[in-house]
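Listing of query-v7.csv; format and content: CSV, C-alpha atoms.
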```
chain,number,residue,atom,x,y,z
A,1,MET,CA,172.8,79.2,75.3
A,2,ALA,CA,169.3,78.9,76.8
A,3,ARG,CA,167.0,81.7,75.9
A,4,ALA,CA,163.6,83.1,77.1
A,5,VAL,CA,161.2,84.9,74.8
A,6,CYS,CA,158.8,87.2,76.5
A,7,GLY,CA,155.9,89.5,75.4
A,8,GLY,CA,156.3,93.2,76.2
A,9,GLY,CA,153.6,93.1,78.9
A,10,THR,CA,155.4,90.4,80.9
A,11,THR,CA,156.4,91.1,84.5
A,12,TRP,CA,159.5,89.8,86.2
A,13,GLY,CA,157.3,87.7,88.4
A,14,ASP,CA,156.0,86.0,85.3
A,15,VAL,CA,159.5,85.4,84.0
A,16,ASP,CA,160.7,84.1,87.3
A,17,ALA,CA,157.8,81.7,87.7
A,18,ALA,CA,158.4,80.2,84.2
A,19,THR,CA,162.2,80.1,84.2
A,20,GLN,CA,162.6,78.8,87.8
A,21,GLN,CA,160.8,75.6,86.8
A,22,HIS,CA,164.1,74.8,85.0
A,23,ALA,CA,166.4,76.4,87.6
A,24,LEU,CA,167.2,79.3,85.2
A,25,ALA,CA,166.8,83.1,85.5
A,26,VAL,CA,167.0,86.3,83.5
A,27,PRO,CA,168.8,89.1,85.3
A,28,GLY,CA,166.0,91.4,86.4
A,29,GLY,CA,165.1,94.0,89.0
A,30,PHE,CA,164.2,93.5,92.7
A,31,ILE,CA,160.5,94.2,92.5
A,32,SER,CA,158.7,91.3,90.9
A,33,HIS,CA,155.6,93.2,89.6
A,34,THR,CA,157.8,95.5,87.6
A,35,GLY,CA,157.4,95.1,83.8
A,36,ILE,CA,160.3,93.7,81.9
A,37,ALA,CA,160.0,96.3,79.1
A,38,GLY,CA,160.7,99.5,81.0
A,39,LEU,CA,163.3,98.0,83.2
A,40,THR,CA,165.3,96.3,80.4
A,41,LEU,CA,165.1,99.3,78.0
A,42,GLY,CA,166.6,101.5,80.8
A,43,GLY,CA,169.2,99.1,82.0
A,44,GLY,CA,168.0,96.7,84.6
A,45,ILE,CA,169.9,96.4,87.9
A,46,GLY,CA,169.1,93.7,90.5
A,47,TRP,CA,170.3,90.7,92.4
A,48,LEU,CA,172.1,89.1,89.4
A,49,THR,CA,173.9,92.2,88.2
A,50,LYS,CA,177.3,91.2,89.7
A,51,THR,CA,177.2,87.6,88.4
A,52,ALA,CA,175.4,88.1,85.0
A,53,GLY,CA,175.2,91.8,84.2
A,54,LEU,CA,172.3,94.2,83.5
A,55,SER,CA,169.0,93.1,82.0
A,56,CYS,CA,169.9,95.0,78.8
A,57,ASP,CA,173.3,93.2,78.7
A,58,ASN,CA,171.3,89.9,78.5
A,59,LEU,CA,168.9,91.1,75.7
A,60,VAL,CA,169.6,88.9,72.6
A,61,ALA,CA,167.0,90.3,70.3
A,62,ALA,CA,163.8,92.4,70.3
A,63,GLU,CA,160.8,93.1,68.1
A,64,MET,CA,159.5,96.6,67.9
A,65,VAL,CA,156.6,98.5,66.3
A,66,THR,CA,157.6,102.0,65.1
A,67,ALA,CA,155.5,105.2,65.2
A,68,ASP,CA,154.6,104.6,61.5
A,69,SER,CA,153.5,101.0,62.1
A,70,ARG,CA,156.5,99.2,60.8
A,71,ILE,CA,157.5,96.0,62.6
A,72,VAL,CA,161.3,95.7,63.0
A,73,ARG,CA,163.5,93.1,64.6
A,74,ALA,CA,166.7,94.2,66.3
A,75,SER,CA,169.7,92.1,67.2
A,76,LYS,CA,173.5,92.2,66.7
A,77,ASP,CA,172.9,91.0,63.1
A,78,GLU,CA,169.7,92.9,62.3
A,79,ASN,CA,169.3,96.7,62.7
A,80,ALA,CA,172.3,96.7,64.9
A,81,GLU,CA,172.2,100.4,65.7
A,82,LEU,CA,168.6,100.1,67.0
A,83,PHE,CA,169.7,97.0,69.0
A,84,TRP,CA,172.5,99.2,70.6
A,85,ALA,CA,169.9,101.9,71.4
A,86,LEU,CA,167.4,99.6,72.9
A,87,ARG,CA,169.9,98.3,75.4
A,88,GLY,CA,169.7,101.4,77.7
A,89,GLY,CA,168.1,104.1,75.6
A,90,GLY,CA,164.6,103.7,77.1
A,91,GLY,CA,161.3,103.7,75.3
A,92,ASN,CA,162.3,106.3,72.8
A,93,PHE,CA,162.2,104.4,69.6
A,94,GLY,CA,158.9,102.5,69.5
A,95,VAL,CA,156.8,99.9,71.3
A,96,VAL,CA,158.9,96.8,72.0
A,97,THR,CA,156.5,93.9,71.8
A,98,SER,CA,158.9,91.0,72.3
A,99,PHE,CA,162.1,90.4,74.2
A,100,GLU,CA,164.6,87.5,73.8
A,101,PHE,CA,166.9,87.1,76.8
A,102,ALA,CA,169.9,84.9,77.7
A,103,LEU,CA,169.2,82.6,80.6
A,104,HIS,CA,171.5,81.7,83.5
A,105,PRO,CA,171.6,78.8,86.0
A,106,VAL,CA,170.1,80.2,89.2
A,107,GLY,CA,168.2,78.5,92.1
A,108,PRO,CA,165.7,77.3,92.8
A,109,LEU,CA,167.2,78.0,96.2
A,110,VAL,CA,169.7,80.8,96.9
A,111,ASN,CA,171.2,82.0,100.2
A,112,LEU,CA,170.3,85.2,102.0
A,113,GLY,CA,172.1,87.0,104.8
A,114,LEU,CA,170.1,90.1,106.1
A,115,PHE,CA,171.5,92.3,108.9
A,116,PHE,CA,169.6,95.3,110.2
A,117,PHE,CA,171.4,98.0,112.0
A,118,GLY,CA,169.8,100.9,114.0
A,119,LEU,CA,170.6,104.5,113.1
A,120,ASP,CA,172.7,105.0,116.2
A,121,ASP,CA,175.2,102.6,114.8
A,122,GLY,CA,174.4,103.4,111.2
A,123,ALA,CA,177.5,105.2,110.1
A,124,GLN,CA,179.7,102.5,111.6
A,125,ALA,CA,177.7,99.8,110.0
A,126,LEU,CA,177.8,101.4,106.5
A,127,ARG,CA,181.6,101.9,106.7
A,128,PHE,CA,182.0,98.3,107.6
A,129,ALA,CA,179.5,97.1,104.9
A,130,ARG,CA,181.4,99.2,102.3
A,131,ASP,CA,184.7,97.6,103.1
A,132,PHE,CA,183.1,94.1,103.6
A,133,GLN,CA,181.4,94.0,100.2
A,134,ALA,CA,184.6,94.7,98.4
A,135,THR,CA,186.0,91.4,99.8
A,136,LEU,CA,183.0,89.2,98.7
A,137,PRO,CA,183.7,86.3,96.3
A,138,PRO,CA,182.5,86.7,92.6
A,139,ALA,CA,179.4,84.7,93.2
A,140,VAL,CA,178.2,86.7,96.2
A,141,THR,CA,176.5,90.1,95.9
A,142,ALA,CA,175.5,92.8,98.4
A,143,PHE,CA,172.7,95.3,98.5
A,144,LEU,CA,172.3,98.2,100.9
A,145,ALA,CA,168.8,99.2,102.0
A,146,ILE,CA,169.7,102.5,103.5
A,147,GLY,CA,167.1,104.2,105.7
A,148,LEU,CA,164.8,101.3,105.5
A,149,SER,CA,162.0,101.0,108.1
A,150,ALA,CA,162.0,97.4,109.4
A,151,PRO,CA,159.0,95.6,107.9
A,152,PRO,CA,156.3,93.9,110.1
A,153,ALA,CA,157.7,90.5,108.9
A,154,PRO,CA,157.7,87.3,111.1
A,155,PHE,CA,161.5,87.4,111.4
A,156,VAL,CA,161.5,91.0,112.7
A,157,PRO,CA,161.2,91.3,116.5
A,158,GLU,CA,158.1,93.2,117.3
A,159,GLN,CA,159.9,96.1,119.1
A,160,TYR,CA,161.9,96.8,115.9
A,161,ARG,CA,159.0,96.8,113.4
A,162,PHE,CA,158.8,100.1,111.5
A,163,LYS,CA,162.0,101.3,113.2
A,164,PRO,CA,164.3,103.1,110.6
A,165,GLY,CA,167.8,101.8,110.1
A,166,HIS,CA,170.1,100.3,107.5
A,167,ALA,CA,169.8,96.8,106.2
A,168,VAL,CA,172.7,95.0,104.6
A,169,LEU,CA,171.7,92.1,102.4
A,170,VAL,CA,174.1,89.5,101.0
A,171,VAL,CA,173.0,87.0,98.5
A,172,GLY,CA,175.1,83.9,97.5
A,173,PHE,CA,174.6,81.0,95.1
A,174,GLY,CA,176.8,78.3,96.8
A,175,SER,CA,176.0,76.1,99.8
A,176,PRO,CA,174.3,77.4,102.9
A,177,GLU,CA,177.4,76.5,105.0
A,178,GLU,CA,179.6,78.5,102.8
A,179,HIS,CA,177.2,81.5,102.9
A,180,GLN,CA,177.0,81.4,106.7
A,181,ALA,CA,180.8,81.6,106.9
A,182,ILE,CA,180.9,84.4,104.4
A,183,VAL,CA,178.4,86.6,106.2
A,184,ALA,CA,179.4,85.9,109.7
A,185,PRO,CA,181.6,89.0,110.1
A,186,LEU,CA,178.6,91.3,109.5
A,187,GLY,CA,177.0,90.1,112.7
A,188,LYS,CA,180.2,90.6,114.7
A,189,ALA,CA,181.7,93.9,113.7
A,190,VAL,CA,178.7,96.0,114.6
A,191,THR,CA,175.8,94.5,116.6
A,192,PRO,CA,172.7,94.3,114.4
A,193,LEU,CA,169.2,94.8,115.9
A,194,PHE,CA,168.2,91.5,114.2
A,195,GLU,CA,169.5,89.2,111.4
A,196,LEU,CA,168.3,86.5,109.2
A,197,VAL,CA,170.6,84.0,107.5
A,198,THR,CA,168.8,81.3,105.5
A,199,PRO,CA,168.3,79.6,102.2
A,200,ILE,CA,165.4,81.2,100.3
A,201,PRO,CA,163.7,80.4,97.0
A,202,TYR,CA,164.9,82.7,94.3
A,203,VAL,CA,161.3,83.7,93.5
A,204,ALA,CA,160.9,84.8,97.1
A,205,LEU,CA,164.1,86.8,97.0
A,206,GLN,CA,162.7,88.6,93.9
A,207,GLN,CA,159.5,89.4,95.8
A,208,MET,CA,161.2,90.5,99.1
A,209,PHE,CA,160.8,94.3,98.5
A,210,ASN,CA,157.4,94.2,96.8
A,211,ASP,CA,155.6,95.7,99.8
A,212,SER,CA,157.8,98.8,99.5
A,213,ALA,CA,156.3,99.5,96.0
A,214,VAL,CA,152.6,98.6,96.1
A,215,TRP,CA,150.3,99.8,93.4
A,216,GLY,CA,148.7,103.2,94.3
A,217,THR,CA,151.6,104.4,96.4
A,218,LEU,CA,152.7,108.0,95.7
A,219,GLY,CA,156.3,108.0,94.6
A,220,TYR,CA,159.2,110.3,93.7
A,221,GLU,CA,162.9,109.5,93.4
A,222,LYS,CA,166.3,110.8,92.3
A,223,ALA,CA,169.5,108.8,91.9
A,224,LEU,CA,173.2,109.3,91.6
A,225,TYR,CA,176.2,107.2,90.7
A,226,LEU,CA,179.0,107.0,93.3
A,227,ASP,CA,182.5,105.9,92.7
A,228,GLU,CA,182.8,105.0,96.3
A,229,LEU,CA,180.7,105.2,99.5
A,230,SER,CA,183.1,107.6,101.1
A,231,ASP,CA,183.1,108.7,104.8
A,232,ALA,CA,181.9,112.1,103.6
A,233,ALA,CA,179.0,110.5,101.8
A,234,ILE,CA,178.1,108.4,104.8
A,235,ALA,CA,178.1,111.6,106.9
A,236,VAL,CA,175.5,113.1,104.5
A,237,ILE,CA,173.4,109.9,104.8
A,238,SER,CA,173.6,110.0,108.6
A,239,GLU,CA,172.3,113.6,108.5
A,240,HIS,CA,169.4,113.2,106.1
A,241,VAL,CA,168.0,109.7,106.6
A,242,PRO,CA,166.4,110.5,110.0
A,243,LYS,CA,164.5,113.4,108.3
A,244,LYS,CA,162.3,111.1,106.2
A,245,ARG,CA,158.7,110.8,107.3
A,246,SER,CA,157.1,107.9,105.4
A,247,PRO,CA,158.0,104.4,106.6
A,248,LEU,CA,158.0,103.4,102.9
A,249,SER,CA,160.7,105.8,101.9
A,250,PHE,CA,164.3,104.6,101.8
A,251,CYS,CA,167.5,104.5,99.7
A,252,PRO,CA,168.0,101.3,97.7
A,253,THR,CA,171.7,101.2,96.9
A,254,PHE,CA,173.2,98.7,94.5
A,255,THR,CA,176.8,97.8,94.5
A,256,LEU,CA,178.2,97.6,91.0
A,257,SER,CA,181.0,95.2,90.2
A,258,GLY,CA,181.7,91.9,88.5
A,259,ALA,CA,179.8,91.3,85.3
A,260,TYR,CA,178.4,94.8,85.4
A,261,ARG,CA,181.8,96.0,84.4
A,262,THR,CA,182.5,93.5,81.7
A,263,PRO,CA,181.0,95.6,78.8
A,264,ASP,CA,182.7,98.8,77.7
A,265,ASP,CA,180.7,102.0,78.2
A,266,ALA,CA,180.2,102.3,74.5
A,267,ASP,CA,179.0,98.7,74.0
A,268,THR,CA,175.4,99.6,74.9
A,269,ALA,CA,173.3,102.7,75.2
A,270,PHE,CA,173.1,102.2,79.0
A,271,GLY,CA,173.5,105.6,80.6
A,272,GLY,CA,175.6,104.7,83.6
A,273,SER,CA,179.4,104.5,83.9
A,274,ARG,CA,180.6,100.9,84.0
A,275,ALA,CA,183.3,102.1,86.4
A,276,ALA,CA,180.9,103.4,89.0
A,277,GLY,CA,180.9,101.6,92.4
A,278,TYR,CA,177.3,102.2,93.5
A,279,VAL,CA,174.0,103.5,92.2
A,280,PHE,CA,172.4,105.4,95.1
A,281,ASN,CA,168.7,106.0,94.8
A,282,ILE,CA,166.7,108.3,97.2
A,283,GLU,CA,163.1,107.1,97.0
A,284,ALA,CA,160.0,108.8,98.5
A,285,ALA,CA,157.1,106.4,98.8
A,286,ALA,CA,154.0,107.4,100.7
A,287,PRO,CA,150.3,106.4,101.1
A,288,SER,CA,149.1,109.9,101.6
A,289,ARG,CA,149.6,113.3,99.9
A,290,ASP,CA,151.0,115.1,103.0
A,291,LEU,CA,153.7,112.4,103.6
A,292,TYR,CA,154.5,112.4,99.9
A,293,GLU,CA,155.0,116.1,99.7
A,294,ALA,CA,157.2,116.1,102.8
A,295,ASP,CA,159.4,113.2,101.5
A,296,ARG,CA,159.6,114.7,98.0
A,297,THR,CA,161.2,117.7,99.6
A,298,TRP,CA,163.4,115.3,101.6
A,299,VAL,CA,164.5,113.6,98.4
A,300,ARG,CA,165.5,116.9,96.7
A,301,ASN,CA,167.4,118.2,99.7
A,302,PHE,CA,169.2,114.8,100.2
A,303,TRP,CA,170.1,114.6,96.5
A,304,ASP,CA,171.5,118.2,96.6
A,305,ALA,CA,173.6,117.3,99.6
A,306,MET,CA,174.9,114.0,98.0
A,307,ARG,CA,175.7,115.7,94.6
A,308,PRO,CA,179.3,116.8,95.5
A,309,HIS,CA,180.1,113.1,96.3
A,310,ALA,CA,178.7,111.7,93.1
A,311,THR,CA,180.0,110.8,89.6
A,312,GLY,CA,178.5,113.8,87.7
A,313,SER,CA,174.9,115.0,87.9
A,314,GLY,CA,173.4,112.2,85.8
A,315,GLY,CA,171.6,109.2,87.2
A,316,TYR,CA,170.2,105.8,86.4
A,317,ILE,CA,167.3,106.6,84.0
A,318,ASN,CA,165.0,104.0,85.6
A,319,PHE,CA,165.2,106.0,88.8
A,320,MET,CA,164.5,109.3,87.1
A,321,VAL,CA,161.2,111.1,87.7
A,322,GLU,CA,162.1,114.7,86.6
A,323,ALA,CA,163.8,113.9,83.3
A,324,ASP,CA,164.8,117.4,82.1
A,325,GLU,CA,167.0,117.5,79.1
A,326,ASP,CA,170.2,118.5,81.0
A,327,ARG,CA,170.0,115.5,83.3
A,328,VAL,CA,169.2,113.2,80.4
A,329,ARG,CA,172.3,114.4,78.6
A,330,ALA,CA,174.4,114.2,81.7
A,331,SER,CA,173.2,110.6,82.3
A,332,TYR,CA,174.2,109.4,78.8
A,333,GLY,CA,177.1,111.7,78.1
A,334,GLU,CA,177.2,113.9,75.0
A,335,ALA,CA,178.6,111.4,72.6
A,336,LYS,CA,176.1,108.7,73.5
A,337,TYR,CA,173.2,111.2,73.6
A,338,GLN,CA,174.0,112.4,70.1
A,339,ARG,CA,174.2,108.8,68.8
A,340,LEU,CA,170.8,108.1,70.4
A,341,ALA,CA,169.4,111.3,68.9
A,342,ARG,CA,170.4,110.1,65.4
A,343,ILE,CA,168.8,106.7,65.9
A,344,LYS,CA,165.7,108.4,67.3
A,345,ALA,CA,165.5,110.5,64.1
A,346,GLU,CA,165.5,107.4,62.0
A,347,TYR,CA,162.8,105.5,63.9
A,348,ASP,CA,160.7,108.3,65.5
A,349,PRO,CA,161.5,111.6,63.8
A,350,GLY,CA,158.3,113.2,65.1
A,351,ASN,CA,159.1,112.3,68.8
A,352,VAL,CA,155.8,110.5,69.2
A,353,PHE,CA,157.4,108.5,72.0
A,354,HIS,CA,158.2,111.4,74.3
A,355,LEU,CA,156.5,110.5,77.6
A,356,ASN,CA,159.7,109.0,78.9
A,357,VAL,CA,163.2,109.9,79.8
A,358,ASN,CA,163.2,111.6,76.4
A,359,VAL,CA,165.9,111.8,73.8
A,360,LYS,CA,164.9,114.3,71.1
A,361,PRO,CA,165.4,113.3,67.5
A,362,ALA,CA,168.4,114.9,65.8
A,363,ALA,CA,167.6,117.5,63.1
A,364,ARG,CA,167.9,115.9,59.7
A,365,ALA,CA,170.3,117.6,57.2
A,366,ALA,CA,168.6,119.4,54.3
```
Please rewrite the model in this file as structure tokens.
Amino acid sequence: MARAVCGGGTTWGDVDAATQQHALAVPGGFISHTGIAGLTLGGGIGWLTKTAGLSCDNLVAAEMVTADSRIVRASKDENAELFWALRGGGGNFGVVTSFEFALHPVGPLVNLGLFFFGLDDGAQALRFARDFQATLPPAVTAFLAIGLSAPPAPFVPEQYRFKPGHAVLVVGFGSPEEHQAIVAPLGKAVTPLFELVTPIPYVALQQMFNDSAVWGTLGYEKALYLDELSDAAIAVISEHVPKKRSPLSFCPTFTLSGAYRTPDDADTAFGGSRAAGYVFNIEAAAPSRDLYEADRTWVRNFWDAMRPHATGSGGYINFMVEADEDRVRASYGEAKYQRLARIKAEYDPGNVFHLNVNVKPAARAA
């Protein structure tokens, strides 16, 4: 198995640039300037989740510095409990200075189908996309950019730039001809405002949403897991998406299937159900304080309205800004949280590493 060893300060852009020279990739996120450390320790959902699993599923070993300055290595054969905890338990246990990942054959070209639908046809488009993605072959994955404002990109007709709508993106790893045939129904069932079907470098795919998360942007987000994108949930989306104010705010929604479901829930510390169908994130991103405050309220109201359609009150910890203890416990589940707390007590009994989605150390027996 090919492997990549990365320092803790590496970004996914750094990893992609190095591994794509050999047509290999580590499953990462979908913003290339994100650091590998935080994303991996919290899970790591992106374009390769369906075909290769989460970033943390592909972690082979890690080196960590503890609060009392010990250097420890974690793998399935060394400090196995810590290794379990690092795959989803966040930055609760120490400073991870080195990550060793499994690599997968990817690229250098992949295939993209992007279809952008206006809000007037939004509910119909989401219902079709929901049913369509369930029919995709194992090597083809879908992503929903719900409430996205169309970017000022060359492929976007000028009259639609900054217009809010829903984008359905389908990524495949076969031939361009096969991909065109696979995505063709998306352009026929509901008429998109525009579409783009093309081969694209994998590194460009990884950078496609970078402009939605530029440094210095004010941000706030809350996420939920959905077993399904039901008609009732789509009705809530149709009600709340038009209320956003910032063009950068939207709902990145990842479909969860394939290799994501291969591990059992107990195999790693990852805080999401392996049976969930979607992770639905409501993200406020704004260049100014007034837009930020307006869309922070939008996120909270939207989340409250979506909550009855969700799998519990927990969420993906990498999309968690307000990490109160109740939501952290709900995200991990009580059994997994208690196991994490025991491991926390071993490696960070004083809770030095608490500026995170925090797991408090279990009280030691007298």
May I have the residues within 7 Å of segment 317-330 of chain A as a list in words, using all atoms listed in the file and disregarding those fewer than 3 positions away in the same chain?
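The neighbour list is Leu39, Gly42, Tyr220, Glu221, Lys222, Ala223, Asn281, Ser313, Gly314, Gly333, Glu334, Tyr337 and Val357 of chain A.
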Export of the given selection (C-alpha atoms) as a PDB file, in the coordinates of the input:
```pdb
ATOM      1  CA  LEU A  39     163.300  98.000  83.200  1.00  0.00           C
ATOM      2  CA  GLY A  42     166.600 101.500  80.800  1.00  0.00           C
ATOM      3  CA  TYR A 220     159.200 110.300  93.700  1.00  0.00           C
ATOM      4  CA  GLU A 221     162.900 109.500  93.400  1.00  0.00           C
ATOM      5  CA  LYS A 222     166.300 110.800  92.300  1.00  0.00           C
ATOM      6  CA  ALA A 223     169.500 108.800  91.900  1.00  0.00           C
ATOM      7  CA  ASN A 281     168.700 106.000  94.800  1.00  0.00           C
ATOM      8  CA  SER A 313     174.900 115.000  87.900  1.00  0.00           C
ATOM      9  CA  GLY A 314     173.400 112.200  85.800  1.00  0.00           C
ATOM     10  CA  GLY A 333     177.100 111.700  78.100  1.00  0.00           C
ATOM     11  CA  GLU A 334     177.200 113.900  75.000  1.00  0.00           C
ATOM     12  CA  TYR A 337     173.200 111.200  73.600  1.00  0.00           C
ATOM     13  CA  VAL A 357     163.200 109.900  79.800  1.00  0.00           C
TER      14      VAL A 357
END
```
Which polymer residues, whether protein, DNA or RNA, lie within 6 Å of the coordinate (171.6, 93.0, 106.7) when you count all atoms listed in the file? List them as a ChimeraX atom specification, using the chain letters and numbers from the file.
/A:114-116,167-169
Which residue out of A:Gly44, A:Pro287, A:Gly38, A:Gly174 has the minimum interatomic distance to Leu112 of chain A when only C-alpha atoms are used?
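When distances to Leu112 of chain A are compared using only C-alpha atoms, the smallest one comes from A:Gly174.
Note that atom CA of Tyr347 of chain A and atom CA of Glu81 of chain A are 10.8 Å apart.
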Which neighbours of Arg161 of chain A fall inside 9 Å, counting all atoms listed in the file, when residues of the same chain fewer than 3 positions from it are skipped, and could you give them as a compact mmCIF listing (two decimals) with C-alpha atoms, in the frame of the given file?
```txt
# COMPACT_ATOMS: atom_id res chain seq x y z
CA SER A 149 162.00 101.00 108.10
CA ALA A 150 162.00 97.40 109.40
CA PRO A 151 159.00 95.60 107.90
CA PRO A 152 156.30 93.90 110.10
CA ALA A 153 157.70 90.50 108.90
CA VAL A 156 161.50 91.00 112.70
CA PRO A 157 161.20 91.30 116.50
CA GLU A 158 158.10 93.20 117.30
CA PRO A 164 164.30 103.10 110.60
```
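Residue nearest Arg300 of chain A, chosen from A:Ala284, A:Ala129, A:Ala345, A:Cys6 and counting only C-alpha atoms: A:Ala284.
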Which of these residues is nearest to Pro27 of chain A, using all atoms listed in the file: A:Trp84, A:Phe143, A:Tyr260, A:Phe132?
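Comparing A:Trp84, A:Phe143, A:Tyr260, A:Phe132 against Pro27 of chain A, the winner is A:Tyr260.
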From the set A:Asp265, A:Glu195, A:Glu78, A:Asp120, which residue has the shortest atom-to-atom contact distance to Tyr332 of chain A, counting all atoms listed in the file?
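The answer is A:Asp265, which sits nearest to Tyr332 of chain A.
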So the first atom is atom CA of Val236 of chain A and the second is atom CA of His166 of chain A; what is the distance between them in Å, to one decimal place?
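Between atom CA of Val236 of chain A and atom CA of His166 of chain A the gap works out to 14.2 Å.
Pairwise distance (atom CA of Asn356 of chain A, atom CA of Asn92 of chain A) equals 7.2 Å.
Nearest to Asp231 of chain A of all the residues A:Thr255, A:Thr297, A:Ser212, A:Gln124 is A:Gln124, based on only C-alpha atoms.
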Counting all atoms listed in the file, which of A:Gly172, A:Gly7, A:Gly94, A:Gly107 gets nearest to Asp68 of chain A?
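Using all atoms listed in the file, the shortest distance to Asp68 of chain A belongs to A:Gly94.
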Taking all atoms of segment 65-82 of chain A that appear in the file, build a box with edges along x, y and z, extend it by 5 Å on every side, and state its centre and edge lengths in Å to one decimal, as JSON.
```
{"center_x": 163.5, "center_y": 98.1, "center_z": 64.0, "size_x": 30.0, "size_y": 24.2, "size_z": 16.4}
```
Within 9 Å of Ser246 of chain A, counting all atoms listed in the file, which residues qualify if same-chain residues fewer than 2 places away don't, as a ChimeraX atom specification?
/A:149,244,248-250,284-287,291-292,294-295
Give as a tab-separated table (two decimals) with C-alpha atoms, in the coordinates of the input the set of residues within 10 Å of the point (176.3, 106.7, 94.5), where distances use the file's coordinates and only C-alpha atoms.
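Listing of selection-v5.tsv after writing:
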```tsv
chain	number	residue	atom	x	y	z
A	223	ALA	CA	169.50	108.80	91.90
A	224	LEU	CA	173.20	109.30	91.60
A	225	TYR	CA	176.20	107.20	90.70
A	226	LEU	CA	179.00	107.00	93.30
A	227	ASP	CA	182.50	105.90	92.70
A	228	GLU	CA	182.80	105.00	96.30
A	229	LEU	CA	180.70	105.20	99.50
A	230	SER	CA	183.10	107.60	101.10
A	233	ALA	CA	179.00	110.50	101.80
A	253	THR	CA	171.70	101.20	96.90
A	254	PHE	CA	173.20	98.70	94.50
A	255	THR	CA	176.80	97.80	94.50
A	256	LEU	CA	178.20	97.60	91.00
A	276	ALA	CA	180.90	103.40	89.00
A	277	GLY	CA	180.90	101.60	92.40
A	278	TYR	CA	177.30	102.20	93.50
A	279	VAL	CA	174.00	103.50	92.20
A	280	PHE	CA	172.40	105.40	95.10
A	281	ASN	CA	168.70	106.00	94.80
A	306	MET	CA	174.90	114.00	98.00
A	307	ARG	CA	175.70	115.70	94.60
A	309	HIS	CA	180.10	113.10	96.30
A	310	ALA	CA	178.70	111.70	93.10
A	311	THR	CA	180.00	110.80	89.60
A	315	GLY	CA	171.60	109.20	87.20
```
Segment 196-205 of chain A environment, 8 Å, all atoms listed in the file, sequence neighbours closer than 4 positions dropped, as a ChimeraX atom specification
/A:13,16-17,20,30,106-115,155,176,180
Determine, counting all atoms listed in the file, which protein, DNA and RNA residues have an atom within 7 Å of an atom of Gly271 of chain A; residues of the same chain fewer than 3 positions away are not included. Present the result as a PyMOL selection string.
chain A and resi 88+316+331-332
